[in-house]
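A.B. asks: Pasting target37.cif here (mmCIF, C-alpha atoms):
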```
data_upload
#
loop_
_atom_site.label_atom_id
_atom_site.label_comp_id
_atom_site.auth_asym_id
_atom_site.auth_seq_id
_atom_site.Cartn_x
_atom_site.Cartn_y
_atom_site.Cartn_z
CA MET S 86 -11.64 -25.77 -7.90
CA VAL S 87 -14.19 -25.76 -10.71
CA PRO S 88 -13.87 -22.57 -12.82
CA THR S 89 -16.83 -20.23 -12.41
CA ALA S 90 -18.67 -18.39 -15.17
CA ASP S 91 -17.92 -14.80 -16.12
CA PRO S 92 -19.79 -12.24 -13.99
CA VAL S 93 -22.36 -9.75 -15.23
CA ILE S 94 -21.02 -6.16 -15.22
CA THR S 95 -23.53 -3.30 -14.81
CA PRO S 96 -22.66 0.42 -14.83
CA VAL S 97 -24.12 2.43 -11.94
CA PRO S 98 -24.86 6.11 -12.62
CA GLY S 99 -24.02 8.71 -10.02
CA GLN S 100 -21.16 9.36 -7.63
CA PRO S 101 -19.40 6.27 -6.21
CA ASN S 102 -18.79 6.12 -2.48
CA LEU S 103 -14.99 6.00 -2.44
CA LEU S 104 -12.61 8.04 -0.31
CA THR S 105 -9.78 9.09 -2.62
CA GLY S 106 -8.92 12.40 -0.95
CA ALA S 107 -10.15 15.92 -0.30
CA TYR S 108 -9.24 16.98 -3.85
CA ASP S 109 -11.42 16.62 -6.95
CA LEU S 110 -10.19 13.70 -9.08
CA ALA S 111 -10.41 15.96 -12.10
CA THR S 112 -7.50 17.99 -10.70
CA VAL S 113 -5.26 14.96 -11.32
CA GLY S 114 -6.90 14.39 -14.70
CA TYR S 115 -9.06 11.43 -13.62
CA ARG S 116 -12.70 10.41 -13.50
CA ALA S 117 -14.45 7.68 -11.49
CA ASP S 118 -17.10 5.25 -12.78
CA GLU S 119 -18.78 2.59 -10.67
CA PHE S 120 -19.97 -0.86 -11.76
CA PHE S 121 -21.79 -3.66 -9.98
CA VAL S 122 -20.37 -7.12 -10.59
CA ALA S 123 -22.70 -10.10 -10.14
CA GLY S 124 -21.77 -13.74 -10.45
CA THR S 125 -21.10 -17.01 -8.71
CA ALA S 126 -17.80 -17.39 -6.88
CA ALA S 127 -16.02 -20.49 -5.66
CA SER S 128 -14.26 -20.94 -2.34
CA TYR S 129 -11.12 -22.96 -1.80
CA ALA S 130 -11.44 -24.05 1.83
CA PRO S 131 -13.95 -25.48 2.23
CA GLU S 132 -14.85 -25.92 -1.43
CA GLY S 133 -18.20 -24.59 -2.51
CA THR S 134 -19.91 -21.87 -4.53
CA ALA S 135 -22.07 -18.88 -3.69
CA ASP S 136 -23.71 -16.04 -5.54
CA TYR S 137 -22.39 -12.52 -4.99
CA VAL S 138 -22.94 -8.93 -6.06
CA THR S 139 -20.04 -6.58 -5.38
CA ARG S 140 -18.90 -3.25 -6.74
CA ILE S 141 -15.82 -1.93 -8.47
CA VAL S 142 -14.80 1.64 -9.27
CA VAL S 143 -12.74 2.43 -12.36
CA LEU S 144 -10.45 5.45 -12.01
CA ARG S 145 -9.05 6.40 -15.41
CA PRO S 146 -7.64 9.42 -17.24
CA ILE S 147 -10.27 11.85 -18.49
CA ASP S 148 -8.20 12.11 -21.66
CA ASP S 149 -8.26 8.61 -23.13
CA THR S 150 -5.01 9.27 -24.96
CA ALA S 151 -3.26 9.70 -21.57
CA TRP S 152 -3.87 6.04 -20.63
CA ASN S 153 -0.64 4.03 -20.67
CA GLY S 154 -2.35 0.74 -21.52
CA THR S 155 -1.95 -0.80 -18.06
CA ALA S 156 -4.64 -1.48 -15.47
CA ILE S 157 -3.85 -1.77 -11.76
CA VAL S 158 -6.45 -3.67 -9.74
CA GLU S 159 -6.47 -2.89 -6.01
CA TRP S 160 -7.96 -5.17 -3.39
CA LEU S 161 -9.61 -2.55 -1.17
CA ASN S 162 -8.51 -2.44 2.46
CA VAL S 163 -11.26 -2.91 5.08
CA SER S 164 -9.30 -2.74 8.33
CA GLY S 165 -10.91 0.60 9.21
CA GLY S 166 -14.41 -0.68 8.47
CA VAL S 167 -14.52 1.18 5.15
CA ASP S 168 -13.47 0.27 1.62
CA ALA S 169 -10.15 2.16 1.47
CA PRO S 170 -8.00 2.41 -1.69
CA ALA S 171 -4.79 2.42 0.38
CA VAL S 172 -2.32 1.95 -2.48
CA TRP S 173 -4.00 4.63 -4.59
CA PHE S 174 -3.98 6.91 -1.58
CA MET S 175 -0.23 6.52 -1.00
CA ALA S 176 0.91 6.45 -4.64
CA HIS S 177 -1.76 8.31 -6.63
CA ARG S 178 0.63 11.02 -7.79
CA GLU S 179 2.69 8.48 -9.76
CA ILE S 180 -0.38 6.52 -10.84
CA ALA S 181 -1.96 9.66 -12.34
CA ARG S 182 1.33 10.99 -13.71
CA ALA S 183 1.99 7.75 -15.61
CA GLY S 184 -1.63 7.38 -16.77
CA TYR S 185 -2.66 4.02 -15.35
CA ALA S 186 -6.24 2.80 -15.34
CA TYR S 187 -6.96 1.98 -11.72
CA VAL S 188 -9.72 -0.42 -10.69
CA VAL S 189 -10.64 -0.83 -7.02
CA VAL S 190 -12.51 -3.94 -5.92
CA SER S 191 -14.77 -4.42 -2.90
CA ALA S 192 -13.34 -7.90 -2.45
CA GLN S 193 -14.16 -8.48 1.23
CA ARG S 194 -17.42 -8.73 3.10
CA VAL S 195 -16.68 -6.03 5.72
CA GLY S 196 -16.50 -3.30 3.10
CA ILE S 197 -20.01 -4.12 1.92
CA GLU S 198 -21.91 -5.62 4.85
CA GLY S 199 -19.93 -4.35 7.87
CA GLY S 200 -18.14 -6.46 10.48
CA LEU S 201 -14.91 -6.68 12.44
CA SER S 202 -12.71 -3.58 12.05
CA LEU S 203 -10.30 -1.33 13.94
CA VAL S 204 -12.54 1.74 13.88
CA GLY S 205 -16.23 1.08 13.26
CA ASP S 206 -18.82 0.39 10.60
CA ALA S 207 -18.44 2.59 7.53
CA SER S 208 -19.48 -0.14 5.09
CA LEU S 209 -21.18 0.67 1.81
CA LYS S 210 -24.60 -0.43 3.07
CA LYS S 211 -24.18 1.69 6.18
CA LEU S 212 -23.07 4.81 4.30
CA ASP S 213 -25.53 4.59 1.40
CA PRO S 214 -28.12 1.84 1.91
CA GLN S 215 -30.21 2.94 -1.04
CA ARG S 216 -27.40 2.87 -3.60
CA TYR S 217 -25.84 -0.36 -2.35
CA SER S 218 -28.88 -2.34 -1.15
CA THR S 219 -28.52 -4.95 -3.90
CA LEU S 220 -24.93 -5.81 -3.03
CA SER S 221 -24.39 -9.19 -1.39
CA HIS S 222 -21.13 -10.76 -0.22
CA PRO S 223 -21.12 -14.42 0.89
CA GLY S 224 -17.88 -14.16 2.92
CA ASP S 225 -14.15 -13.76 2.48
CA ALA S 226 -13.57 -17.40 1.55
CA PHE S 227 -15.07 -16.34 -1.80
CA ALA S 228 -13.02 -13.13 -2.05
CA TYR S 229 -10.15 -14.78 -3.91
CA ASP S 230 -12.34 -15.94 -6.78
CA ILE S 231 -14.23 -12.65 -6.86
CA PHE S 232 -10.89 -10.88 -7.31
CA THR S 233 -9.91 -13.33 -10.05
CA GLN S 234 -13.18 -12.80 -11.89
CA VAL S 235 -12.80 -9.01 -11.83
CA GLY S 236 -9.20 -9.26 -13.03
CA ARG S 237 -10.19 -11.58 -15.85
CA ALA S 238 -13.05 -9.29 -16.90
CA ILE S 239 -10.66 -6.35 -17.06
CA ARG S 240 -8.13 -8.37 -19.06
CA ASN S 241 -10.87 -9.43 -21.47
CA GLY S 242 -11.85 -5.81 -22.09
CA VAL S 243 -15.44 -6.05 -20.88
CA ILE S 244 -15.25 -3.27 -18.27
CA ASP S 245 -15.58 0.38 -19.27
CA GLY S 246 -14.07 -0.17 -22.70
CA LEU S 247 -10.65 -0.96 -21.21
CA ALA S 248 -8.52 -3.45 -23.12
CA PRO S 249 -5.23 -3.37 -21.20
CA ASP S 250 -1.94 -4.79 -22.37
CA VAL S 251 -0.88 -5.36 -18.75
CA VAL S 252 -2.95 -6.05 -15.62
CA LEU S 253 -1.29 -5.66 -12.21
CA ALA S 254 -2.72 -6.47 -8.77
CA ALA S 255 -2.09 -4.39 -5.65
CA GLY S 256 -3.08 -4.41 -2.00
CA GLU S 257 -1.94 -2.95 1.32
CA SER S 258 -1.91 -4.27 4.91
CA GLN S 259 -4.88 -6.63 5.43
CA SER S 260 -5.33 -6.72 1.67
CA ALA S 261 -1.64 -7.61 1.35
CA THR S 262 -2.13 -10.65 3.60
CA PHE S 263 -4.95 -11.83 1.33
CA LEU S 264 -2.84 -11.13 -1.76
CA THR S 265 0.01 -13.14 -0.25
CA THR S 266 -2.32 -16.13 -0.04
CA TYR S 267 -3.59 -15.33 -3.53
CA VAL S 268 -0.06 -15.34 -4.96
CA ASN S 269 0.88 -18.58 -3.18
CA ASP S 270 -2.30 -20.61 -3.59
CA VAL S 271 -4.57 -19.09 -6.26
CA ASP S 272 -2.41 -17.43 -8.88
CA PRO S 273 -0.65 -20.58 -10.14
CA ASP S 274 -3.95 -21.76 -11.61
CA ALA S 275 -5.81 -18.47 -12.10
CA ALA S 276 -2.97 -16.81 -14.05
CA VAL S 277 -4.88 -13.54 -14.49
CA PHE S 278 -2.43 -10.88 -13.29
CA ASP S 279 0.92 -10.00 -14.84
CA GLY S 280 2.48 -8.81 -11.58
CA PHE S 281 1.73 -8.05 -7.93
CA LEU S 282 2.49 -5.07 -5.69
CA ILE S 283 2.11 -6.36 -2.13
CA HIS S 284 2.39 -3.39 0.19
CA SER S 285 3.00 -3.76 3.95
CA ARG S 286 2.29 -7.41 4.59
CA PHE S 287 3.12 -9.06 7.89
CA GLY S 288 4.65 -12.49 8.50
CA SER S 289 1.44 -14.51 8.42
CA ALA S 290 -1.15 -14.58 5.66
CA ALA S 291 -4.92 -14.82 5.40
CA PRO S 292 -6.20 -18.41 5.35
CA LEU S 293 -8.12 -19.72 2.38
CA ASP S 294 -11.19 -20.05 4.59
CA GLY S 295 -11.46 -16.24 4.65
CA SER S 296 -10.65 -15.59 8.31
CA SER S 297 -10.06 -11.91 9.00
CA LEU S 298 -6.63 -10.54 9.76
CA LEU S 299 -8.30 -8.85 12.76
CA ASP S 300 -9.61 -12.12 14.19
CA GLU S 301 -6.96 -12.64 16.85
CA SER S 302 -8.25 -16.11 17.75
CA GLY S 303 -6.99 -17.52 14.46
CA ALA S 304 -4.11 -19.98 14.79
CA PHE S 305 -2.82 -18.71 11.45
CA HIS S 306 -1.44 -15.60 13.19
CA ALA S 307 1.45 -17.64 14.57
CA VAL S 308 2.36 -19.32 11.28
CA PRO S 309 4.91 -17.55 9.06
CA VAL S 310 4.05 -17.70 5.36
CA PRO S 311 6.97 -17.03 3.00
CA PHE S 312 6.35 -16.37 -0.67
CA ARG S 313 6.49 -19.58 -2.68
CA ALA S 314 9.79 -20.23 -4.43
CA ASP S 315 8.23 -20.80 -7.87
CA LEU S 316 6.25 -17.60 -8.35
CA ARG S 317 4.45 -17.44 -11.68
CA ALA S 318 4.58 -13.64 -12.07
CA PRO S 319 6.75 -10.84 -10.67
CA VAL S 320 6.03 -9.84 -7.06
CA LEU S 321 7.36 -6.61 -5.54
CA THR S 322 6.77 -6.27 -1.81
CA VAL S 323 7.28 -3.05 0.17
CA ILE S 324 7.91 -3.58 3.89
CA THR S 325 8.08 -0.91 6.61
CA GLU S 326 9.77 -1.27 9.99
CA THR S 327 6.36 -1.85 11.58
CA ASP S 328 5.63 -4.74 9.23
CA LEU S 329 9.06 -6.22 9.77
CA LEU S 330 8.75 -6.58 13.55
CA GLY S 331 4.96 -6.78 13.72
CA ALA S 332 2.40 -4.76 15.68
CA ARG S 333 0.54 -7.45 17.65
CA LEU S 334 0.82 -9.43 14.42
CA LEU S 335 3.61 -11.79 13.39
CA GLY S 336 6.46 -9.74 11.98
CA TYR S 337 7.49 -10.16 8.36
CA HIS S 338 11.03 -11.08 9.41
CA HIS S 339 9.67 -14.54 10.29
CA ALA S 340 8.71 -15.02 6.63
CA ARG S 341 11.81 -13.51 5.02
CA VAL S 342 13.22 -15.30 1.99
CA PRO S 343 15.95 -14.05 -0.35
CA ASP S 344 14.98 -12.37 -3.60
CA THR S 345 14.42 -14.75 -6.50
CA GLU S 346 13.95 -14.42 -10.23
CA ARG S 347 10.39 -13.18 -9.63
CA LEU S 348 10.55 -11.71 -6.12
CA ARG S 349 11.82 -8.37 -4.89
CA VAL S 350 11.34 -7.21 -1.28
CA TRP S 351 12.08 -3.59 -0.35
CA GLU S 352 12.48 -2.91 3.38
CA ILE S 353 12.38 0.83 4.16
CA PRO S 354 14.37 2.11 7.17
CA GLY S 355 12.78 4.90 9.18
CA SER S 356 9.28 4.08 7.94
CA ALA S 357 6.03 3.05 9.61
CA HIS S 358 3.02 1.12 8.38
CA ALA S 359 1.09 4.41 8.38
CA ASP S 360 2.31 7.98 8.84
CA ASN S 361 1.59 11.66 8.24
CA TYR S 362 1.13 11.06 4.53
CA THR S 363 -1.56 8.48 5.30
CA ILE S 364 -3.78 10.76 7.37
CA ARG S 365 -2.75 14.32 6.45
CA VAL S 366 -0.67 14.85 3.30
CA GLY S 367 -2.31 12.32 1.00
CA PHE S 368 -5.75 13.85 1.47
CA ILE S 369 -4.66 17.12 -0.17
CA ASP S 370 -1.77 16.03 -2.40
CA ASN S 371 -2.95 16.51 -5.98
CA GLY S 372 0.27 18.11 -7.26
CA GLU S 373 -1.18 21.63 -7.20
CA VAL S 374 -1.17 22.34 -3.45
CA PRO S 375 1.25 25.13 -2.44
CA LEU S 376 4.46 23.84 -0.88
CA GLU S 377 3.76 25.52 2.46
CA GLN S 378 0.55 23.49 2.84
CA ILE S 379 2.37 20.23 2.15
CA VAL S 380 5.08 21.22 4.64
CA ALA S 381 2.42 21.99 7.25
CA ALA S 382 0.75 18.63 6.65
CA TYR S 383 4.07 16.83 7.15
CA ALA S 384 4.78 18.76 10.38
CA PRO S 385 5.24 16.50 13.42
CA THR S 386 2.00 15.82 15.30
CA ASN S 387 0.99 13.66 18.24
CA ASP S 388 -2.72 14.00 17.42
CA LEU S 389 -3.95 10.72 15.95
CA MET S 390 -7.66 10.79 15.13
CA GLY S 391 -8.42 12.79 18.25
CA GLN S 392 -6.09 10.82 20.53
CA GLN S 393 -3.08 12.56 22.05
CA LEU S 394 -0.06 10.28 21.89
CA PRO S 395 3.05 10.59 24.10
CA HIS S 396 5.14 11.13 20.96
CA PHE S 397 4.84 12.28 17.35
CA ILE S 398 3.65 9.75 14.79
CA ASN S 399 6.05 8.96 11.94
CA PHE S 400 6.34 12.05 9.71
CA ALA S 401 9.10 11.00 7.29
CA PRO S 402 8.22 11.26 3.56
CA GLN S 403 10.16 8.22 2.27
CA HIS S 404 7.33 5.68 2.49
CA HIS S 405 5.18 7.59 -0.02
CA TYR S 406 8.02 8.25 -2.47
CA VAL S 407 9.43 4.71 -2.33
CA LEU S 408 5.98 3.24 -2.96
CA GLN S 409 5.66 5.42 -6.04
CA ALA S 410 8.98 4.03 -7.28
CA ALA S 411 7.71 0.51 -6.56
CA VAL S 412 4.69 1.07 -8.82
CA ALA S 413 6.96 2.24 -11.63
CA GLN S 414 9.54 -0.52 -11.13
CA LEU S 415 6.95 -3.31 -11.10
CA HIS S 416 5.39 -1.93 -14.25
CA ASP S 417 8.76 -1.69 -15.98
CA TRP S 418 9.63 -5.23 -14.84
CA VAL S 419 6.48 -6.67 -16.39
CA ARG S 420 6.75 -4.60 -19.56
CA THR S 421 10.46 -5.19 -20.24
CA ASP S 422 11.27 -8.37 -18.31
CA ARG S 423 14.02 -6.38 -16.59
CA PRO S 424 13.70 -7.15 -12.86
CA ALA S 425 13.25 -4.41 -10.31
CA PRO S 426 16.40 -3.70 -8.27
CA SER S 427 17.10 -5.73 -5.15
CA ALA S 428 17.63 -4.05 -1.80
CA PRO S 429 19.45 -5.25 1.34
CA TRP S 430 17.45 -6.31 4.36
CA ILE S 431 17.16 -4.03 7.38
CA ASP S 432 19.67 -5.16 9.99
CA LEU S 433 18.24 -7.07 12.96
CA THR S 434 19.77 -8.11 16.26
CA ASP S 435 20.22 -11.75 17.19
CA THR S 436 18.39 -11.17 20.48
CA ASP S 437 15.03 -12.48 21.63
CA PRO S 438 12.90 -10.59 20.91
CA VAL S 439 14.49 -9.40 17.71
CA GLU S 440 15.11 -5.67 17.42
CA ILE S 441 16.17 -3.37 14.62
CA VAL S 442 19.83 -2.34 14.67
CA VAL S 443 20.13 1.45 14.81
CA ASP S 444 22.96 3.88 14.16
CA ALA S 445 24.21 6.72 16.36
CA ASN S 446 21.20 8.81 15.29
CA GLY S 447 18.71 6.13 16.31
CA LEU S 448 17.86 5.22 12.71
CA ALA S 449 17.72 1.71 11.27
CA THR S 450 20.78 0.39 9.48
CA GLY S 451 20.65 -1.68 6.31
CA GLY S 452 17.64 -1.83 4.06
CA LEU S 453 16.74 0.41 1.15
CA ARG S 454 18.56 3.70 1.70
CA THR S 455 16.98 7.10 1.21
CA PRO S 456 18.20 10.62 2.03
CA TRP S 457 15.82 10.84 4.99
CA VAL S 458 17.85 8.21 6.86
CA ASP S 459 21.30 8.87 5.38
CA VAL S 460 21.07 12.65 5.76
CA PRO S 461 18.55 12.87 8.60
CA THR S 462 16.97 15.74 10.48
CA ALA S 463 14.90 13.46 12.72
CA ARG S 464 14.72 9.98 14.17
CA THR S 465 11.77 8.16 12.67
CA SER S 466 10.77 4.61 13.39
CA GLY S 467 8.12 1.96 12.83
CA ALA S 468 7.61 1.50 16.56
CA GLY S 469 4.46 3.14 17.91
CA ALA S 470 3.00 4.23 21.22
CA ASP S 471 0.99 1.23 22.24
CA ASP S 472 1.71 -2.28 21.03
CA ASP S 473 -1.57 -3.42 22.60
CA ASN S 474 -3.52 -1.22 20.20
CA VAL S 475 -2.91 -2.00 16.53
CA LEU S 476 -4.25 1.34 15.34
CA LEU S 477 -1.80 3.27 17.52
CA ALA S 478 1.09 0.92 16.93
CA ILE S 479 1.02 1.09 13.13
CA PHE S 480 1.66 4.85 12.95
CA GLY S 481 5.20 4.54 14.29
CA SER S 482 6.99 7.44 15.92
CA GLY S 483 9.31 10.33 15.21
CA GLN S 484 11.40 12.95 16.96
CA PRO S 485 13.05 15.95 15.28
CA PHE S 486 16.71 16.48 16.16
CA ASP S 487 17.50 19.41 18.40
CA ALA S 488 19.63 22.33 17.25
CA GLU S 489 22.77 20.92 18.85
CA THR S 490 22.44 17.63 16.99
CA LEU S 491 21.77 19.38 13.67
CA ALA S 492 24.82 21.60 14.17
CA ARG S 493 26.96 18.55 14.87
CA LEU S 494 25.66 16.67 11.83
CA TYR S 495 25.82 19.63 9.44
CA PRO S 496 28.59 22.00 10.56
CA GLY S 497 28.23 23.87 7.27
CA GLY S 498 24.59 24.59 8.04
CA ARG S 499 21.86 24.63 5.42
CA THR S 500 24.24 24.46 2.45
CA ASP S 501 26.03 21.46 3.90
CA TYR S 502 22.74 19.68 4.56
CA LEU S 503 21.26 20.31 1.12
CA GLU S 504 24.44 19.26 -0.71
CA ARG S 505 24.56 15.97 1.17
CA PHE S 506 20.81 15.43 0.88
CA THR S 507 20.98 15.99 -2.89
CA ALA S 508 23.83 13.51 -3.27
CA ALA S 509 21.94 10.85 -1.28
CA LEU S 510 18.77 11.55 -3.26
CA ASP S 511 20.55 11.14 -6.58
CA GLU S 512 22.09 7.88 -5.35
CA ALA S 513 18.63 6.54 -4.42
CA ILE S 514 17.24 7.60 -7.81
CA ALA S 515 20.15 5.93 -9.61
CA GLY S 516 19.45 2.77 -7.61
CA GLY S 517 15.82 2.77 -8.74
CA PHE S 518 14.30 3.27 -5.27
CA LEU S 519 13.09 6.84 -5.86
CA LEU S 520 11.83 8.42 -9.08
CA ALA S 521 13.56 11.15 -11.06
CA ALA S 522 10.09 12.62 -11.62
CA ASP S 523 9.88 13.29 -7.86
CA ARG S 524 13.37 14.82 -7.55
CA GLU S 525 12.44 18.50 -7.81
CA GLU S 526 9.55 18.14 -5.37
CA ILE S 527 11.69 16.23 -2.86
CA LEU S 528 14.42 18.89 -2.99
CA GLU S 529 11.86 21.66 -2.47
CA LEU S 530 10.48 19.80 0.51
CA ALA S 531 13.97 19.25 1.94
CA ALA S 532 14.83 22.94 1.52
CA ALA S 533 11.63 23.95 3.29
CA THR S 534 11.99 21.55 6.22
CA GLY S 535 15.74 21.12 6.70
CA PRO S 536 18.07 23.08 9.01
#
```
Take the structure in this file and express it as structure tokens.

C.D. replies:
Amino acid sequence: MVPTADPVITPVPGQPNLLTGAYDLATVGYRADEFFVAGTAASYAPEGTADYVTRIVVLRPIDDTAWNGTAIVEWLNVSGGVDAPAVWFMAHREIARAGYAYVVVSAQRVGIEGGLSLVGDASLKKLDPQRYSTLSHPGDAFAYDIFTQVGRAIRNGVIDGLAPDVVLAAGESQSATFLTTYVNDVDPDAAVFDGFLIHSRFGSAAPLDGSSLLDESGAFHAVPVPFRADLRAPVLTVITETDLLGARLLGYHHARVPDTERLRVWEIPGSAHADNYTIRVGFIDNGEVPLEQIVAAYAPTNDLMGQQLPHFINFAPQHHYVLQAAVAQLHDWVRTDRPAPSAPWIDLTDTDPVEIVVDANGLATGGLRTPWVDVPTARTSGAGADDDNVLLAIFGSGQPFDAETLARLYPGGRTDYLERFTAALDEAIAGGFLLAADREEILELAAATGP
């Protein structure tokens, strides 16, 4: 591919259209600035070039001295028909606490122009046609180079005065499938990012021709795509139970490869692709919300966007907290050259179809262990209500234990539970899979929700 010229970066006054939560960004010490990025991008398959105008939003500490010198660049997720900063949404507490600059990129056409999605059209041009009328996206075959050009511009210090020492890339779900292809096929030559956080990918990956993950006619859905053996930069991948087995999509277990010098894969037992944090807790979680409101937001619910499910969606907190640890571990890996810890795989049966091995409490065995599965008060899973509906399937399921089960598990009652939970929590922190900075909050949550 012929290298393309640097894009033109233009600041855009006013409030960006970006759903970060129901809280004011200032309450986490951040501000948001939007920029339009105009240039010519190249495609890989088929080869060609096209002009584009996209947008990025820079989230950065209000206090410049709080910036840690690292920029994370997120490939915005468009599965819901809207540009969604999914990684920010799940891990913003750690991102703000550590002082990262965070740049979100409208890399795909759906987020700008509208198109195939799970929910509807909430594209930028639909939501604010006046502000975004000049944007133009030629198609997702050009998304890879657009993402490269933004990353390079950030590295070169031409965006918002940032001159980062480290530039990381991140993406979740559909974005993770595109980043998988980026890591395998684009990064060896582009060499822009210092590390990659690939959150909740499935077994296949987005083709270079830009076909959507949601286009079920694509033959690529049946082709497992492992990470290449000779990765150029560190890659840390976080996999939930849903991702592992697949929800109408090829499960990640088809693409499993052992950890290598530059690859770490964390599989989280008891977790789902999306959960209560995704749709309830994350919207209000700015670190200042009273504990009782967080507890209420985590409470089991079978109401999913107005639909009544036959079971509760996954309400376990571990996905959010493990992802925060993943952000910190990837950053430390790149900064120090000390690899992130490895975790065992979740245990699978040798049946056809493959299933997750569960213990006497109905919870997955193996994988990255957390206190929510080793000292449980509920059975939580990545399996959802309706495998024929991706939106329903990705929210998993959960069922609180009854009083008899809790009494059997914790004969010493509340004290017994909290002592064992604390020990399991400290073990997970020592292993690097949860953060010491989250310890007090996790214990308060456990005390408020446990038996």

A.B. asks: Which of these, S:Gln414, S:Ser482, S:Thr155, S:Thr436, has the shortest distance to Ala181 (chain S) once you count all atoms listed in the file?

C.D. replies: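 Residue with the minimum atom-to-atom distance to Ala181 (chain S): S:Thr155.
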
A.B. asks: Starting from the shown file, work through the PyMOL selection byres ((chain S and resi 398) around 8) and note down what comes out as a ChimeraX atom specification.

C.D. replies: /S:360-361,385-387,389,396-397,399-400,469,480-483

A.B. asks: So the first atom is CA of Thr455 (chain S) and the second is CA of Trp430 (chain S); what is the distance between them in Å, to one decimal place?

C.D. replies: 13.8 Å

A.B. asks: Would you mind reading off the distance between CA of Gly355 (chain S) and CA of Val167 (chain S), one decimal, in Å?

C.D. replies: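 Going from CA of Gly355 (chain S) over to CA of Val167 (chain S), I get 27.8 Å.
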
A.B. asks: If we count all atoms listed in the file, what is near Ile369 (chain S) at a cut-off of 7 Å, once residues fewer than 4 positions away on the same chain are taken out, given as a ChimeraX atom specification?

C.D. replies: /S:106-108

A.B. asks: Place a sphere of radius 12 Å on (19.6, 4.9, 18.3) in the file coordinates and name every protein, DNA or RNA residue with an atom inside or on its surface, counting all atoms listed in the file; give the answer as number ranges by chain.

C.D. replies: S: 355, 440-450, 463-466, 484

A.B. asks: Under the PyMOL selection byres ((chain S and resi 534) around 10), which residues of this model are included? Write them out as an MDAnalysis selection string.

C.D. replies: chainID S and resid 377 380:381 383:384 462 528:533 535:536

A.B. asks: Find, counting all atoms listed in the file, the residue in S:Asp213, S:Asp294, S:Glu526, S:Asp279 that gets nearest to Leu321 (chain S).

C.D. replies: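 Distance minimum relative to Leu321 (chain S) lands on S:Asp279.
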
A.B. asks: Residues near Ile180 (chain S), anyone? I mean within 10 Å using all atoms listed in the file, not counting same-chain ones fewer than 3 positions away, as a PyMOL selection string.

C.D. replies: chain S and resi 113+145+157+172-177+183-187+409+412-413

A.B. asks: Given the file shown, enumerate the residues that the PyMOL selection byres ((chain S and resi 291) around 8) captures and present them as a list of chain:residue names.

C.D. replies: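 Taken on the displayed file, the PyMOL selection byres ((chain S and resi 291) around 8) yields the residues S:Thr262, S:Phe263, S:Thr265, S:Thr266, S:Ser289, S:Ala290, S:Pro292, S:Leu293, S:Gly295, S:Ser296, S:Ser297, S:Leu298, S:Phe305.
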